[in-house]
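Peer 1: Contents of target21.txt (compact mmCIF, C-alpha atoms) are below:
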# COMPACT_ATOMS: atom_id res chain seq x y z
CA MET H 1001 5.06 23.24 -6.46
CA SER H 1002 4.10 19.70 -5.46
CA LYS H 1003 3.85 18.85 -1.75
CA SER H 1004 6.74 16.39 -1.96
CA ALA H 1005 8.94 18.83 -3.84
CA ALA H 1006 8.11 21.60 -1.39
CA ALA H 1007 9.11 19.41 1.58
CA ILE H 1008 12.43 18.50 -0.02
CA GLU H 1009 13.13 22.10 -0.99
CA ARG H 1010 12.42 23.25 2.58
CA ALA H 1011 15.04 20.82 3.83
CA ARG H 1012 17.47 21.99 1.16
CA ALA H 1013 16.92 25.62 2.18
CA GLU H 1014 17.84 24.62 5.75
CA GLY H 1015 21.07 23.09 4.48
CA ARG H 1016 20.16 19.46 5.00
CA THR H 1017 19.06 16.32 3.24
CA ALA H 1018 15.35 15.50 3.32
CA LEU H 1019 14.47 12.51 5.48
CA ILE H 1020 11.66 10.23 4.28
CA GLY H 1021 10.15 7.54 6.50
CA TYR H 1022 8.05 4.53 5.46
CA LEU H 1023 5.42 2.70 7.51
CA PRO H 1024 2.88 0.08 6.39
CA ALA H 1025 -0.75 1.07 6.89
CA GLY H 1026 -2.64 -0.90 9.51
CA PHE H 1027 0.41 -2.26 11.35
CA PRO H 1028 -0.23 -3.16 14.02
CA ASP H 1029 -3.50 -1.23 13.66
CA VAL H 1030 -4.76 1.95 11.99
CA GLN H 1031 -4.45 4.25 15.00
CA THR H 1032 -0.90 3.11 15.76
CA THR H 1033 0.09 3.73 12.15
CA ILE H 1034 -1.21 7.30 12.46
CA ASP H 1035 0.49 7.86 15.82
CA ALA H 1036 3.80 6.44 14.57
CA ALA H 1037 3.69 8.60 11.44
CA VAL H 1038 3.03 11.71 13.49
CA ALA H 1039 5.98 10.72 15.70
CA LEU H 1040 8.14 10.61 12.56
CA ALA H 1041 7.10 14.14 11.63
CA GLU H 1042 7.78 15.37 15.16
CA ASN H 1043 11.29 13.91 15.13
CA GLY H 1044 12.85 15.19 11.95
CA VAL H 1045 11.12 13.33 9.11
CA ASP H 1046 10.08 15.59 6.21
CA LEU H 1047 8.01 13.20 4.09
CA ILE H 1048 6.05 10.16 5.17
CA GLU H 1049 5.37 7.12 2.99
CA ILE H 1050 2.42 4.96 3.98
CA GLY H 1051 2.36 1.58 2.27
CA ILE H 1052 -0.82 -0.26 1.35
CA PRO H 1053 -0.51 -3.88 2.55
CA TYR H 1054 -0.41 -6.21 -0.43
CA SER H 1055 -0.74 -9.98 -0.46
CA ASP H 1056 1.92 -10.56 -3.15
CA PRO H 1057 4.70 -7.98 -2.69
CA VAL H 1058 7.49 -7.93 -5.26
CA MET H 1059 10.06 -5.68 -3.58
CA ASP H 1060 9.38 -5.88 0.15
CA GLY H 1061 11.82 -7.70 2.42
CA ALA H 1062 10.93 -10.02 5.30
CA VAL H 1063 10.30 -7.36 7.98
CA ILE H 1064 7.89 -5.33 5.87
CA GLN H 1065 6.26 -8.46 4.42
CA GLN H 1066 5.51 -9.76 7.91
CA ALA H 1067 4.08 -6.41 8.97
CA THR H 1068 1.80 -6.23 5.96
CA VAL H 1069 0.66 -9.83 6.44
CA GLU H 1070 -0.27 -8.96 10.02
CA ALA H 1071 -2.14 -5.84 8.88
CA LEU H 1072 -4.14 -7.88 6.37
CA GLN H 1073 -4.86 -10.60 8.94
CA ASN H 1074 -6.17 -7.88 11.24
CA GLY H 1075 -8.64 -6.86 8.56
CA PHE H 1076 -7.03 -3.81 6.94
CA THR H 1077 -8.73 -2.82 3.67
CA VAL H 1078 -7.58 -0.52 0.89
CA ARG H 1079 -10.31 1.99 1.66
CA GLN H 1080 -8.85 2.53 5.12
CA ILE H 1081 -5.74 4.11 3.57
CA PHE H 1082 -7.63 7.38 3.27
CA ASP H 1083 -8.45 7.32 6.99
CA VAL H 1084 -4.76 6.81 7.73
CA VAL H 1085 -3.66 9.65 5.45
CA GLU H 1086 -6.28 12.04 6.82
CA GLY H 1087 -5.40 11.08 10.38
CA ILE H 1088 -1.78 12.05 9.73
CA THR H 1089 -2.35 15.20 7.70
CA ARG H 1090 -4.78 16.50 10.31
CA ARG H 1091 -1.98 16.41 12.90
CA THR H 1092 1.13 17.34 10.94
CA ASP H 1093 2.29 19.41 7.97
CA ALA H 1094 4.59 16.66 6.63
CA ALA H 1095 3.90 15.57 3.07
CA VAL H 1096 2.22 12.14 3.05
CA LEU H 1097 2.65 9.83 0.08
CA VAL H 1098 0.99 6.47 -0.41
CA MET H 1099 3.21 3.66 -1.67
CA THR H 1100 1.24 1.00 -3.49
CA TYR H 1101 1.39 -1.61 -6.15
CA TRP H 1102 -0.88 -0.62 -9.00
CA ASN H 1103 -3.55 -3.30 -8.80
CA PRO H 1104 -5.39 -1.87 -5.73
CA VAL H 1105 -5.61 1.52 -7.47
CA MET H 1106 -6.98 -0.03 -10.65
CA ARG H 1107 -9.52 -2.11 -8.73
CA MET H 1108 -10.95 0.95 -6.98
CA GLY H 1109 -10.71 3.10 -10.11
CA VAL H 1110 -7.82 5.46 -10.72
CA ARG H 1111 -9.93 8.59 -10.61
CA GLU H 1112 -11.85 7.61 -7.47
CA PHE H 1113 -8.62 6.65 -5.70
CA ALA H 1114 -6.92 9.92 -6.67
CA GLY H 1115 -9.89 12.02 -5.63
CA ARG H 1116 -10.16 10.38 -2.24
CA LEU H 1117 -6.40 10.65 -1.68
CA ALA H 1118 -6.44 14.35 -2.52
CA ALA H 1119 -9.44 14.92 -0.24
CA ALA H 1120 -7.56 13.23 2.60
CA GLY H 1121 -4.64 15.63 2.15
CA GLY H 1122 -2.32 13.12 0.52
CA ALA H 1123 0.60 14.32 -1.61
CA GLY H 1124 0.56 11.57 -4.22
CA LEU H 1125 1.59 8.01 -4.99
CA ILE H 1126 4.80 6.00 -5.16
CA THR H 1127 4.17 3.16 -7.61
CA PRO H 1128 6.92 0.48 -7.61
CA ASP H 1129 5.41 -1.70 -10.35
CA LEU H 1130 4.06 1.02 -12.67
CA VAL H 1131 6.27 2.36 -15.46
CA PRO H 1132 5.57 5.69 -17.19
CA ASP H 1133 4.71 4.17 -20.55
CA GLU H 1134 1.83 2.26 -18.93
CA ALA H 1135 0.66 5.18 -16.78
CA ALA H 1136 -1.31 7.39 -19.17
CA GLU H 1137 -4.48 7.37 -17.05
CA TRP H 1138 -2.56 8.03 -13.84
CA MET H 1139 -0.62 10.86 -15.49
CA ALA H 1140 -3.84 12.60 -16.51
CA VAL H 1141 -5.69 12.03 -13.24
CA SER H 1142 -2.73 13.07 -11.09
CA GLU H 1143 -2.53 16.35 -13.00
CA GLU H 1144 -6.24 16.90 -12.43
CA PHE H 1145 -5.95 16.44 -8.67
CA GLY H 1146 -2.48 17.96 -8.23
CA LEU H 1147 -0.95 14.72 -6.96
CA ASP H 1148 2.69 13.67 -7.15
CA ARG H 1149 3.82 10.77 -9.33
CA VAL H 1150 6.89 9.08 -7.89
CA PHE H 1151 8.37 6.47 -10.20
CA LEU H 1152 11.37 4.26 -9.48
CA VAL H 1153 14.74 4.03 -11.20
CA ALA H 1154 17.42 1.43 -10.51
CA PRO H 1155 21.01 0.51 -11.39
CA SER H 1156 19.56 -1.45 -14.30
CA SER H 1157 17.67 1.52 -15.81
CA SER H 1158 18.80 2.26 -19.35
CA PRO H 1159 19.52 5.89 -20.30
CA GLU H 1160 16.24 5.90 -22.24
CA ARG H 1161 14.27 4.52 -19.28
CA MET H 1162 15.94 6.95 -16.92
CA GLN H 1163 15.01 9.89 -19.17
CA SER H 1164 11.38 8.85 -19.59
CA THR H 1165 11.02 8.26 -15.85
CA VAL H 1166 12.50 11.63 -14.93
CA ASP H 1167 10.31 13.37 -17.49
CA SER H 1168 7.17 11.68 -16.13
CA THR H 1169 7.83 12.14 -12.42
CA ARG H 1170 6.27 14.84 -10.26
CA GLY H 1171 7.80 15.38 -6.81
CA PHE H 1172 10.96 13.31 -6.77
CA VAL H 1173 12.56 10.32 -8.45
CA TYR H 1174 12.86 7.26 -6.19
CA ALA H 1175 16.35 5.87 -6.77
CA VAL H 1176 16.62 2.22 -5.78
CA SER H 1177 20.17 1.71 -4.55
CA ILE H 1178 20.31 -2.06 -4.99
CA MET H 1179 18.77 -4.73 -7.14
CA GLY H 1180 16.52 -6.89 -4.99
CA ILE H 1181 14.13 -6.59 -2.08
CA THR H 1182 14.02 -4.07 0.73
CA GLY H 1183 15.77 -4.56 4.05
CA ALA H 1184 18.13 -2.83 6.45
CA ARG H 1185 21.75 -3.42 5.55
CA SER H 1186 25.09 -2.78 7.18
CA SER H 1187 26.32 -0.71 4.22
CA VAL H 1188 24.75 1.15 1.33
CA SER H 1189 25.40 0.04 -2.23
CA SER H 1190 27.89 2.14 -4.20
CA ALA H 1191 25.45 1.93 -7.09
CA ALA H 1192 23.24 4.46 -5.29
CA ARG H 1193 25.58 7.33 -6.15
CA GLU H 1194 25.61 6.31 -9.82
CA VAL H 1195 21.81 6.05 -10.02
CA VAL H 1196 21.38 9.50 -8.47
CA ALA H 1197 24.00 10.98 -10.80
CA ALA H 1198 22.22 9.49 -13.80
CA ALA H 1199 18.87 10.87 -12.60
CA HIS H 1200 20.33 14.34 -12.09
CA GLN H 1201 21.99 14.16 -15.50
CA ALA H 1202 18.60 13.33 -17.02
CA GLY H 1203 17.20 16.50 -15.46
CA ALA H 1204 15.79 15.32 -12.14
CA GLU H 1205 15.67 18.20 -9.68
CA ARG H 1206 15.17 15.83 -6.76
CA ALA H 1207 16.39 12.24 -6.46
CA CYS H 1208 15.91 10.32 -3.21
CA VAL H 1209 17.56 7.02 -2.31
CA GLY H 1210 15.84 4.05 -0.72
CA LEU H 1211 16.48 0.36 0.05
CA GLY H 1212 18.99 -0.59 2.69
CA VAL H 1213 19.17 2.60 4.77
CA SER H 1214 19.12 1.95 8.51
CA THR H 1215 21.52 4.28 10.36
CA ALA H 1216 22.34 7.97 10.73
CA GLU H 1217 25.69 7.23 9.09
CA HIS H 1218 23.88 5.85 6.02
CA VAL H 1219 21.80 9.03 5.93
CA ARG H 1220 24.95 11.15 6.15
CA GLU H 1221 26.69 9.12 3.44
CA ILE H 1222 23.79 9.28 1.00
CA GLY H 1223 23.04 12.91 1.79
CA ALA H 1224 26.39 13.86 0.29
CA TYR H 1225 24.94 13.28 -3.18
CA ALA H 1226 21.17 12.66 -2.92
CA ASP H 1227 18.36 15.12 -2.22
CA GLY H 1228 16.56 12.81 0.18
CA VAL H 1229 17.06 9.55 2.06
CA ILE H 1230 14.30 6.96 2.49
CA VAL H 1231 14.17 4.66 5.54
CA GLY H 1232 11.67 1.82 5.79
CA THR H 1233 12.62 -1.54 7.25
CA ALA H 1234 14.50 -0.10 10.23
CA LEU H 1235 11.47 2.00 11.22
CA VAL H 1236 9.06 -0.92 10.80
CA ALA H 1237 11.31 -3.08 12.99
CA ALA H 1238 11.38 -0.31 15.60
CA LEU H 1239 7.59 -0.14 15.58
CA ARG H 1240 7.35 -3.92 15.88
CA ASP H 1241 9.82 -4.15 18.75
CA GLY H 1242 9.18 -1.00 20.75
CA GLY H 1243 6.05 0.72 19.51
CA VAL H 1244 5.67 4.42 18.79
CA PRO H 1245 8.37 5.54 21.29
CA SER H 1246 10.98 3.44 19.48
CA VAL H 1247 9.92 4.88 16.12
CA ALA H 1248 10.28 8.39 17.52
CA ALA H 1249 13.72 7.64 18.96
CA LEU H 1250 15.03 6.10 15.74
CA ALA H 1251 13.69 8.98 13.63
CA LYS H 1252 15.40 11.47 15.93
CA ASP H 1253 18.66 9.54 15.63
CA LEU H 1254 18.40 9.23 11.84
CA SER H 1255 17.77 12.96 11.55
CA THR H 1256 21.20 13.64 13.04
CA GLY H 1257 22.63 12.43 9.75
CA THR H 1258 20.78 14.95 7.60
CA GLY H 1259 23.25 17.75 8.20
CA LYS H 1260 20.94 20.08 10.11
CA GLY H 1261 22.57 22.45 12.54
Would you give me this structure, written as structure tokens?
Peer 2:
Amino acid sequence: MSKSAAAIERARAEGRTALIGYLPAGFPDVQTTIDAAVALAENGVDLIEIGIPYSDPVMDGAVIQQATVEALQNGFTVRQIFDVVEGITRRTDAAVLVMTYWNPVMRMGVREFAGRLAAAGGAGLITPDLVPDEAAEWMAVSEEFGLDRVFLVAPSSSPERMQSTVDSTRGFVYAVSIMGITGARSSVSSAAREVVAAAHQAGAERACVGLGVSTAEHVREIGAYADGVIVGTALVAALRDGGVPSVAALAKDLSTGTGKG
């Protein structure tokens, strides 16, 4: 079983929803990213997403955009992502996925990127702007290295697109709960339940919801129908405002909504 799937299934076996936390690599620096990610794992987070800073993001909201701009201004390079992943996997058993737009992977070379990610202990890639019908090389290389392929589905996904995405995914399907950019919100879109239902109907064994999740109550609400809940902006804001201790505290609070205990 894939690393991501195994982490979600462990949570399920414990009677709770999997909690997935996102942090941008290199914000505010590489070592702090590693320390913050380890703090997530030590405070109830099952899977960790590490985002590669990108100069032209298409789905990131203001908080994450600002963090990635700062990381790039501080000199972060794509090759450092493997140092970040290895730094986390050396200190924790949590599955670590890299979230990236496709261009940095193509520029390095899909096979080289995959090989280095696998060597660093990474679980796989989340690829927001790559659709399965354009992912033949990634599909083959990810099989070779045993890496997860996490594709996104949204309220706008047609039944045909939903089916092809589910069939192509390895690990879990990333269900976008709203149309638009990321960001913490006061409530979670009702469309999230419908997207997850459609993914499950198409055969997805694991569907996780992201975009807009910021509180334990959101986690509890989504956990009633999803297999995992993804939190990004709220954690990045915590890191920005209070450093690693604030990330740890928020993760611990969010985990109270997963149903454990």
Peer 1: My list of candidates is H:Val1030, H:Ala1067, H:Lys1003, H:Arg1206. Which is closest to Leu1125 of chain H when distances are computed with only C-alpha atoms?
Peer 2: H:Lys1003
Peer 1: Under the rule that all atoms listed in the file are counted, which of H:Glu1194, H:Asp1133, H:Glu1042, H:Glu1143 is the nearest residue to Thr1165 of chain H?
Peer 2: H:Asp1133
Peer 1: My list of candidates is H:Val1038, H:Leu1023, H:Leu1254, H:Val1236. Which is closest to His1218 of chain H when distances are computed with all atoms listed in the file?
Peer 2: H:Leu1254
Peer 1: In terms of the shortest atom-to-atom distance over only C-alpha atoms, which of H:Gly1228, H:Gly1171, H:Gly1121, H:Gly1242 is closest to Arg1012 of chain H?
Peer 2: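 Among the listed residues, H:Gly1228 lies closest to Arg1012 of chain H.
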Peer 1: Measuring between all atoms listed in the file, which one of H:Asp1046, H:Glu1144, H:Pro1024, H:Ala1094 shows the shortest distance to Asp1227 of chain H?
Peer 2: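 Closest to Asp1227 of chain H, using all atoms listed in the file: H:Asp1046.
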Peer 1: Tell me, as a ChimeraX atom specification, which residues lie within 12 Å of Val1195 of chain H, counting all atoms listed in the file; anything in the same chain fewer than 6 positions away does not count.
Peer 2: /H:1152-1159,1162,1166,1173-1179,1189,1201-1202,1204,1207-1210,1222,1225-1226
Peer 1: Could the residues in this selection be saved with C-alpha atoms as a PDB file, keeping the file's coordinate frame?
Peer 2:
ATOM      1  CA  LEU H1152      11.370   4.260  -9.480  1.00  0.00           C
ATOM      2  CA  VAL H1153      14.740   4.030 -11.200  1.00  0.00           C
ATOM      3  CA  ALA H1154      17.420   1.430 -10.510  1.00  0.00           C
ATOM      4  CA  PRO H1155      21.010   0.510 -11.390  1.00  0.00           C
ATOM      5  CA  SER H1156      19.560  -1.450 -14.300  1.00  0.00           C
ATOM      6  CA  SER H1157      17.670   1.520 -15.810  1.00  0.00           C
ATOM      7  CA  SER H1158      18.800   2.260 -19.350  1.00  0.00           C
ATOM      8  CA  PRO H1159      19.520   5.890 -20.300  1.00  0.00           C
ATOM      9  CA  MET H1162      15.940   6.950 -16.920  1.00  0.00           C
ATOM     10  CA  VAL H1166      12.500  11.630 -14.930  1.00  0.00           C
ATOM     11  CA  VAL H1173      12.560  10.320  -8.450  1.00  0.00           C
ATOM     12  CA  TYR H1174      12.860   7.260  -6.190  1.00  0.00           C
ATOM     13  CA  ALA H1175      16.350   5.870  -6.770  1.00  0.00           C
ATOM     14  CA  VAL H1176      16.620   2.220  -5.780  1.00  0.00           C
ATOM     15  CA  SER H1177      20.170   1.710  -4.550  1.00  0.00           C
ATOM     16  CA  ILE H1178      20.310  -2.060  -4.990  1.00  0.00           C
ATOM     17  CA  MET H1179      18.770  -4.730  -7.140  1.00  0.00           C
ATOM     18  CA  SER H1189      25.400   0.040  -2.230  1.00  0.00           C
ATOM     19  CA  GLN H1201      21.990  14.160 -15.500  1.00  0.00           C
ATOM     20  CA  ALA H1202      18.600  13.330 -17.020  1.00  0.00           C
ATOM     21  CA  ALA H1204      15.790  15.320 -12.140  1.00  0.00           C
ATOM     22  CA  ALA H1207      16.390  12.240  -6.460  1.00  0.00           C
ATOM     23  CA  CYS H1208      15.910  10.320  -3.210  1.00  0.00           C
ATOM     24  CA  VAL H1209      17.560   7.020  -2.310  1.00  0.00           C
ATOM     25  CA  GLY H1210      15.840   4.050  -0.720  1.00  0.00           C
ATOM     26  CA  ILE H1222      23.790   9.280   1.000  1.00  0.00           C
ATOM     27  CA  TYR H1225      24.940  13.280  -3.180  1.00  0.00           C
ATOM     28  CA  ALA H1226      21.170  12.660  -2.920  1.00  0.00           C
TER      29      ALA H1226
END
Peer 1: Would you mind telling me which residue in H:Ala1025, H:Leu1250, H:Ala1224, H:Val1150 lies nearest to Val1131 of chain H when using all atoms listed in the file?
Peer 2: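 Among H:Ala1025, H:Leu1250, H:Ala1224, H:Val1150, it is H:Val1150 that comes nearest to Val1131 of chain H.
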Peer 1: Quick check, in Å to one decimal: how far apart do atom CA of Arg1149 of chain H and atom CA of Arg1170 of chain H lie?
Peer 2: 4.8 Å
Peer 1: What is the atom CA of Leu1130 of chain H to atom CA of Glu1086 of chain H distance in Å?
Peer 2: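 According to the coordinates, atom CA of Leu1130 of chain H and atom CA of Glu1086 of chain H are separated by 24.7 Å.
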Peer 1: For the atom pair atom CA of Thr1032 of chain H and atom CA of Val1085 of chain H, what is the interatomic distance in Å to one decimal place?
Peer 2: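 For atom CA of Thr1032 of chain H relative to atom CA of Val1085 of chain H, the distance reads 12.5 Å.
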Peer 1: For Glu1134 of chain H, list every protein, DNA or RNA residue within 12 Å, evaluated using all atoms listed in the file, and leave out those in the same chain fewer than 5 positions away; present the list as an NGL selection string.
Peer 2: :H and (1102 or 1127 or 1129 or 1139 or 1151 or 1164-1165 or 1168)
Peer 1: Name all residues at most 9 Å from Val1045 of chain H (count all atoms listed in the file; drop same-chain ones fewer than 3 positions away) and give them as a PyMOL selection string.
Peer 2: chain H and resi 1018-1021+1039-1042+1048+1094+1251-1252+1254-1255
